[in-house]
$ cat structure_19.txt   # compact mmCIF, C-alpha atoms
# COMPACT_ATOMS: atom_id res chain seq x y z
CA MET X 116 -19.88 95.14 4.64
CA LYS X 117 -19.16 92.05 2.61
CA VAL X 118 -20.42 88.65 3.82
CA LEU X 119 -17.93 85.80 3.49
CA LEU X 120 -18.69 82.14 4.18
CA ARG X 121 -16.04 79.79 5.54
CA PRO X 122 -15.80 76.50 3.60
CA VAL X 123 -17.74 74.65 6.32
CA ALA X 124 -20.62 77.15 6.10
CA ARG X 125 -20.56 77.22 2.29
CA LYS X 126 -20.68 73.42 2.08
CA TYR X 127 -23.72 73.23 4.37
CA PHE X 128 -25.42 76.13 2.54
CA GLU X 129 -25.00 74.39 -0.83
CA ARG X 130 -26.67 71.21 0.49
CA MET X 131 -29.77 73.04 1.77
CA SER X 132 -33.12 72.90 -0.03
CA GLU X 133 -33.79 75.76 -2.43
CA SER X 134 -36.47 77.32 -0.22
CA ASP X 135 -34.21 77.23 2.87
CA LYS X 136 -31.34 78.65 0.80
CA GLY X 137 -33.56 81.57 -0.21
CA HIS X 138 -34.41 82.39 3.41
CA VAL X 139 -30.79 82.14 4.55
CA ARG X 140 -29.52 84.11 1.54
CA SER X 141 -31.89 87.02 2.24
CA ALA X 142 -30.94 87.00 5.94
CA LEU X 143 -27.24 87.07 5.05
CA LYS X 144 -27.88 90.00 2.68
CA ARG X 145 -29.24 91.98 5.64
CA LEU X 146 -25.92 91.44 7.44
CA GLU X 147 -24.28 93.60 4.75
CA LYS X 148 -26.06 96.68 6.08
CA GLU X 149 -24.43 99.00 8.59
CA PRO X 150 -25.34 98.08 11.33
CA PRO X 151 -26.27 94.46 10.45
CA GLU X 152 -30.01 93.68 10.57
CA GLY X 153 -31.91 90.58 11.58
CA ASP X 154 -32.53 88.44 14.64
CA ILE X 155 -28.99 88.85 15.98
CA LYS X 156 -27.65 88.21 19.46
CA PRO X 157 -24.10 88.18 20.80
CA MET X 158 -22.99 84.71 21.85
CA THR X 159 -22.27 84.15 25.50
CA GLY X 160 -18.89 82.63 26.24
CA LYS X 161 -17.52 83.47 22.78
CA ALA X 162 -16.42 87.10 22.73
CA GLY X 163 -16.85 88.75 19.35
CA TYR X 164 -19.18 86.07 17.95
CA PHE X 165 -22.83 86.56 17.06
CA ARG X 166 -25.68 84.33 16.01
CA LEU X 167 -28.22 85.08 13.33
CA ARG X 168 -31.50 83.19 13.65
CA VAL X 169 -33.13 82.23 10.35
CA GLY X 170 -36.13 80.02 11.14
CA LYS X 171 -34.78 76.64 12.24
CA TYR X 172 -31.21 77.56 11.21
CA ARG X 173 -28.49 79.52 12.96
CA ALA X 174 -25.60 81.31 11.27
CA LEU X 175 -22.69 81.92 13.63
CA TYR X 176 -20.46 84.78 12.58
CA ARG X 177 -17.99 87.43 13.62
CA ILE X 178 -17.01 90.77 12.14
CA GLU X 179 -13.41 90.80 11.00
CA ALA X 180 -11.53 93.45 9.00
CA GLY X 181 -14.72 95.18 7.86
CA ALA X 182 -16.35 91.93 6.66
CA VAL X 183 -18.87 89.53 8.14
CA LEU X 184 -17.23 86.10 8.38
CA VAL X 185 -19.86 83.35 8.68
CA MET X 186 -18.21 80.52 10.59
CA ASN X 187 -20.99 77.95 10.16
CA ILE X 188 -24.66 77.47 9.34
CA ASP X 189 -26.48 74.64 11.08
CA PRO X 190 -29.88 73.61 12.39
CA ARG X 191 -30.55 75.07 15.82
CA GLY X 192 -29.75 71.86 17.72
CA GLN X 193 -26.33 71.48 16.09
CA ALA X 194 -25.17 75.10 15.85
CA TYR X 195 -24.14 75.52 19.46
CA LYS X 196 -22.25 72.26 19.91
CA LYS X 197 -18.65 72.67 20.99
CA ASP X 198 -15.89 72.78 18.36
CA ARG X 199 -18.18 73.04 15.30
CA GLY X 200 -16.48 74.66 12.34
CA LYS X 201 -12.97 74.68 13.79
CA LYS X 202 -10.08 73.60 11.59

$ encode --input "structure_19.txt" --output "structure tokens"
Amino acid sequence: MKVLLRPVARKYFERMSESDKGHVRSALKRLEKEPPEGDIKPMTGKAGYFRLRVGKYRALYRIEAGAVLVMNIDPRGQAYKKDRGKK
């Protein structure tokens, strides 16, 4: 599966430090496998959404049309706040 980042997720990813980018990049690569690998859990209250834990960061995503669509990447404390990444 192909991993696609929404503009909100891409913008945050580009601002991360190089070492954090490396960790997140390798975790996102594992999402390409069938089935996706990593510290993944389905999100409660948001049907069809999953979270990928990468150290202190969380990538929230869903699988859509055979691709992994990463909605946003945030530090743990910010990732679960209501209405993040909607537009």

$ atom_distance --input "structure_19.txt" --atom1 "atom CA of Arg130 of chain X" --atom2 "atom CA of Glu152 of chain X"
24.9 Å

$ closest_residue --input "structure_19.txt" --among "X:Gly163, X:Gly137, X:Pro122, X:Pro151" --to "Glu179 of chain X" --atoms "only C-alpha atoms"
X:Gly163

$ residues_around --input "structure_19.txt" --residues "segment 132-136 of chain X" --least-positions-apart "5" --cutoff "9 Å" --atoms "all atoms listed in the file" --output "ChimeraX atom specification"
/X:141,170,172

$ residues_around --input "structure_19.txt" --residues "segment 190-194 of chain X" --least-positions-apart "3" --cutoff "12 Å" --atoms "only C-alpha atoms" --output "list of chain:residue names"
X:Ala124, X:Tyr127, X:Phe128, X:Met131, X:Asp135, X:Val139, X:Met158, X:Phe165, X:Arg166, X:Leu167, X:Arg168, X:Val169, X:Gly170, X:Lys171, X:Tyr172, X:Arg173, X:Ala174, X:Leu175, X:Tyr176, X:Met186, X:Asn187, X:Lys197, X:Asp198, X:Arg199, X:Gly200

$ write_last_selection --input "structure_19.txt" --atoms "C-alpha atoms" --output "PDB file, in the frame of the given file"
ATOM      1  CA  ALA X 124     -20.620  77.150   6.100  1.00  0.00           C
ATOM      2  CA  TYR X 127     -23.720  73.230   4.370  1.00  0.00           C
ATOM      3  CA  PHE X 128     -25.420  76.130   2.540  1.00  0.00           C
ATOM      4  CA  MET X 131     -29.770  73.040   1.770  1.00  0.00           C
ATOM      5  CA  ASP X 135     -34.210  77.230   2.870  1.00  0.00           C
ATOM      6  CA  VAL X 139     -30.790  82.140   4.550  1.00  0.00           C
ATOM      7  CA  MET X 158     -22.990  84.710  21.850  1.00  0.00           C
ATOM      8  CA  PHE X 165     -22.830  86.560  17.060  1.00  0.00           C
ATOM      9  CA  ARG X 166     -25.680  84.330  16.010  1.00  0.00           C
ATOM     10  CA  LEU X 167     -28.220  85.080  13.330  1.00  0.00           C
ATOM     11  CA  ARG X 168     -31.500  83.190  13.650  1.00  0.00           C
ATOM     12  CA  VAL X 169     -33.130  82.230  10.350  1.00  0.00           C
ATOM     13  CA  GLY X 170     -36.130  80.020  11.140  1.00  0.00           C
ATOM     14  CA  LYS X 171     -34.780  76.640  12.240  1.00  0.00           C
ATOM     15  CA  TYR X 172     -31.210  77.560  11.210  1.00  0.00           C
ATOM     16  CA  ARG X 173     -28.490  79.520  12.960  1.00  0.00           C
ATOM     17  CA  ALA X 174     -25.600  81.310  11.270  1.00  0.00           C
ATOM     18  CA  LEU X 175     -22.690  81.920  13.630  1.00  0.00           C
ATOM     19  CA  TYR X 176     -20.460  84.780  12.580  1.00  0.00           C
ATOM     20  CA  MET X 186     -18.210  80.520  10.590  1.00  0.00           C
ATOM     21  CA  ASN X 187     -20.990  77.950  10.160  1.00  0.00           C
ATOM     22  CA  LYS X 197     -18.650  72.670  20.990  1.00  0.00           C
ATOM     23  CA  ASP X 198     -15.890  72.780  18.360  1.00  0.00           C
ATOM     24  CA  ARG X 199     -18.180  73.040  15.300  1.00  0.00           C
ATOM     25  CA  GLY X 200     -16.480  74.660  12.340  1.00  0.00           C
TER      26      GLY X 200
END

$ residues_around --input "structure_19.txt" --residues "Pro150 of chain X" --least-positions-apart "6" --cutoff "12 Å" --atoms "all atoms listed in the file" --output "list in words"
Met116, Ile178, Gly181, Ala182 and Val183 of chain X

$ atom_distance --input "structure_19.txt" --atom1 "atom CA of Val185 of chain X" --atom2 "atom CA of Glu149 of chain X"
16.3 Å

$ atom_distance --input "structure_19.txt" --atom1 "atom CA of Arg121 of chain X" --atom2 "atom CA of Asp154 of chain X"
20.7 Å

$ closest_residue --input "structure_19.txt" --among "X:Glu129, X:Pro157, X:Lys196, X:Arg140" --to "Arg177 of chain X" --atoms "all atoms listed in the file"
X:Pro157

$ decode --input "structure_19.txt" --residues "segment 149-177 of chain X" --atoms "N, CA and C atoms" --output "PDB file, in the first residue's frame"
ATOM      1  N   GLU X 149       1.580  -5.329   4.004  1.00  0.00           N
ATOM      2  CA  GLU X 149       0.221  -5.885   4.071  1.00  0.00           C
ATOM      3  C   GLU X 149       0.228  -7.074   5.015  1.00  0.00           C
ATOM      4  N   PRO X 150      -0.312  -7.058   6.186  1.00  0.00           N
ATOM      5  CA  PRO X 150      -0.984  -5.941   6.854  1.00  0.00           C
ATOM      6  C   PRO X 150       0.039  -4.953   7.416  1.00  0.00           C
ATOM      7  N   PRO X 151      -0.388  -3.709   7.682  1.00  0.00           N
ATOM      8  CA  PRO X 151       0.529  -2.695   8.220  1.00  0.00           C
ATOM      9  C   PRO X 151       1.164  -3.167   9.528  1.00  0.00           C
ATOM     10  N   GLU X 152       2.422  -2.777   9.746  1.00  0.00           N
ATOM     11  CA  GLU X 152       3.156  -3.165  10.948  1.00  0.00           C
ATOM     12  C   GLU X 152       3.448  -1.945  11.799  1.00  0.00           C
ATOM     13  N   GLY X 153       3.641  -2.187  13.088  1.00  0.00           N
ATOM     14  CA  GLY X 153       4.011  -1.120  14.012  1.00  0.00           C
ATOM     15  C   GLY X 153       3.113  -1.146  15.228  1.00  0.00           C
ATOM     16  N   ASP X 154       3.280  -0.168  16.086  1.00  0.00           N
ATOM     17  CA  ASP X 154       2.453  -0.044  17.289  1.00  0.00           C
ATOM     18  C   ASP X 154       1.161   0.652  16.882  1.00  0.00           C
ATOM     19  N   ILE X 155       0.219  -0.137  16.384  1.00  0.00           N
ATOM     20  CA  ILE X 155      -1.026   0.374  15.805  1.00  0.00           C
ATOM     21  C   ILE X 155      -2.203  -0.042  16.669  1.00  0.00           C
ATOM     22  N   LYS X 156      -3.125   0.885  16.864  1.00  0.00           N
ATOM     23  CA  LYS X 156      -4.373   0.577  17.560  1.00  0.00           C
ATOM     24  C   LYS X 156      -5.506   1.305  16.862  1.00  0.00           C
ATOM     25  N   PRO X 157      -6.679   0.681  16.797  1.00  0.00           N
ATOM     26  CA  PRO X 157      -7.838   1.402  16.252  1.00  0.00           C
ATOM     27  C   PRO X 157      -8.246   2.490  17.240  1.00  0.00           C
ATOM     28  N   MET X 158      -8.718   3.609  16.726  1.00  0.00           N
ATOM     29  CA  MET X 158      -9.132   4.708  17.589  1.00  0.00           C
ATOM     30  C   MET X 158     -10.569   4.498  18.040  1.00  0.00           C
ATOM     31  N   THR X 159     -10.801   4.730  19.306  1.00  0.00           N
ATOM     32  CA  THR X 159     -12.156   4.610  19.820  1.00  0.00           C
ATOM     33  C   THR X 159     -12.909   5.888  19.494  1.00  0.00           C
ATOM     34  N   GLY X 160     -14.157   5.739  19.088  1.00  0.00           N
ATOM     35  CA  GLY X 160     -14.983   6.891  18.766  1.00  0.00           C
ATOM     36  C   GLY X 160     -14.784   7.427  17.369  1.00  0.00           C
ATOM     37  N   LYS X 161     -13.837   6.888  16.612  1.00  0.00           N
ATOM     38  CA  LYS X 161     -13.595   7.332  15.238  1.00  0.00           C
ATOM     39  C   LYS X 161     -13.456   6.078  14.375  1.00  0.00           C
ATOM     40  N   ALA X 162     -14.576   5.578  13.916  1.00  0.00           N
ATOM     41  CA  ALA X 162     -14.586   4.337  13.135  1.00  0.00           C
ATOM     42  C   ALA X 162     -13.708   4.479  11.899  1.00  0.00           C
ATOM     43  N   GLY X 163     -12.873   3.475  11.669  1.00  0.00           N
ATOM     44  CA  GLY X 163     -12.025   3.457  10.484  1.00  0.00           C
ATOM     45  C   GLY X 163     -10.692   4.175  10.645  1.00  0.00           C
ATOM     46  N   TYR X 164     -10.461   4.811  11.782  1.00  0.00           N
ATOM     47  CA  TYR X 164      -9.212   5.525  12.025  1.00  0.00           C
ATOM     48  C   TYR X 164      -8.320   4.699  12.941  1.00  0.00           C
ATOM     49  N   PHE X 165      -7.017   4.844  12.738  1.00  0.00           N
ATOM     50  CA  PHE X 165      -6.018   4.146  13.530  1.00  0.00           C
ATOM     51  C   PHE X 165      -4.966   5.135  13.988  1.00  0.00           C
ATOM     52  N   ARG X 166      -4.241   4.753  15.044  1.00  0.00           N
ATOM     53  CA  ARG X 166      -3.108   5.567  15.461  1.00  0.00           C
ATOM     54  C   ARG X 166      -1.860   4.709  15.422  1.00  0.00           C
ATOM     55  N   LEU X 167      -0.787   5.325  14.986  1.00  0.00           N
ATOM     56  CA  LEU X 167       0.527   4.694  14.961  1.00  0.00           C
ATOM     57  C   LEU X 167       1.392   5.440  15.966  1.00  0.00           C
ATOM     58  N   ARG X 168       1.914   4.717  16.952  1.00  0.00           N
ATOM     59  CA  ARG X 168       2.764   5.345  17.964  1.00  0.00           C
ATOM     60  C   ARG X 168       4.208   5.257  17.508  1.00  0.00           C
ATOM     61  N   VAL X 169       4.879   6.413  17.480  1.00  0.00           N
ATOM     62  CA  VAL X 169       6.294   6.487  17.117  1.00  0.00           C
ATOM     63  C   VAL X 169       6.966   7.326  18.197  1.00  0.00           C
ATOM     64  N   GLY X 170       7.411   6.683  19.272  1.00  0.00           N
ATOM     65  CA  GLY X 170       8.016   7.413  20.383  1.00  0.00           C
ATOM     66  C   GLY X 170       7.025   8.396  20.977  1.00  0.00           C
ATOM     67  N   LYS X 171       7.401   9.678  20.992  1.00  0.00           N
ATOM     68  CA  LYS X 171       6.514  10.694  21.557  1.00  0.00           C
ATOM     69  C   LYS X 171       5.513  11.232  20.542  1.00  0.00           C
ATOM     70  N   TYR X 172       5.530  10.725  19.329  1.00  0.00           N
ATOM     71  CA  TYR X 172       4.631  11.192  18.275  1.00  0.00           C
ATOM     72  C   TYR X 172       3.535  10.180  17.976  1.00  0.00           C
ATOM     73  N   ARG X 173       2.445  10.676  17.446  1.00  0.00           N
ATOM     74  CA  ARG X 173       1.344   9.830  16.998  1.00  0.00           C
ATOM     75  C   ARG X 173       0.993  10.234  15.574  1.00  0.00           C
ATOM     76  N   ALA X 174       0.825   9.239  14.719  1.00  0.00           N
ATOM     77  CA  ALA X 174       0.344   9.462  13.351  1.00  0.00           C
ATOM     78  C   ALA X 174      -1.059   8.873  13.295  1.00  0.00           C
ATOM     79  N   LEU X 175      -2.032   9.701  12.988  1.00  0.00           N
ATOM     80  CA  LEU X 175      -3.414   9.256  12.886  1.00  0.00           C
ATOM     81  C   LEU X 175      -3.718   9.044  11.412  1.00  0.00           C
ATOM     82  N   TYR X 176      -4.253   7.872  11.084  1.00  0.00           N
ATOM     83  CA  TYR X 176      -4.459   7.549   9.679  1.00  0.00           C
ATOM     84  C   TYR X 176      -5.699   6.702   9.490  1.00  0.00           C
ATOM     85  N   ARG X 177      -6.071   6.563   8.222  1.00  0.00           N
ATOM     86  CA  ARG X 177      -7.121   5.633   7.825  1.00  0.00           C
ATOM     87  C   ARG X 177      -6.699   5.012   6.498  1.00  0.00           C
TER      88      ARG X 177
END
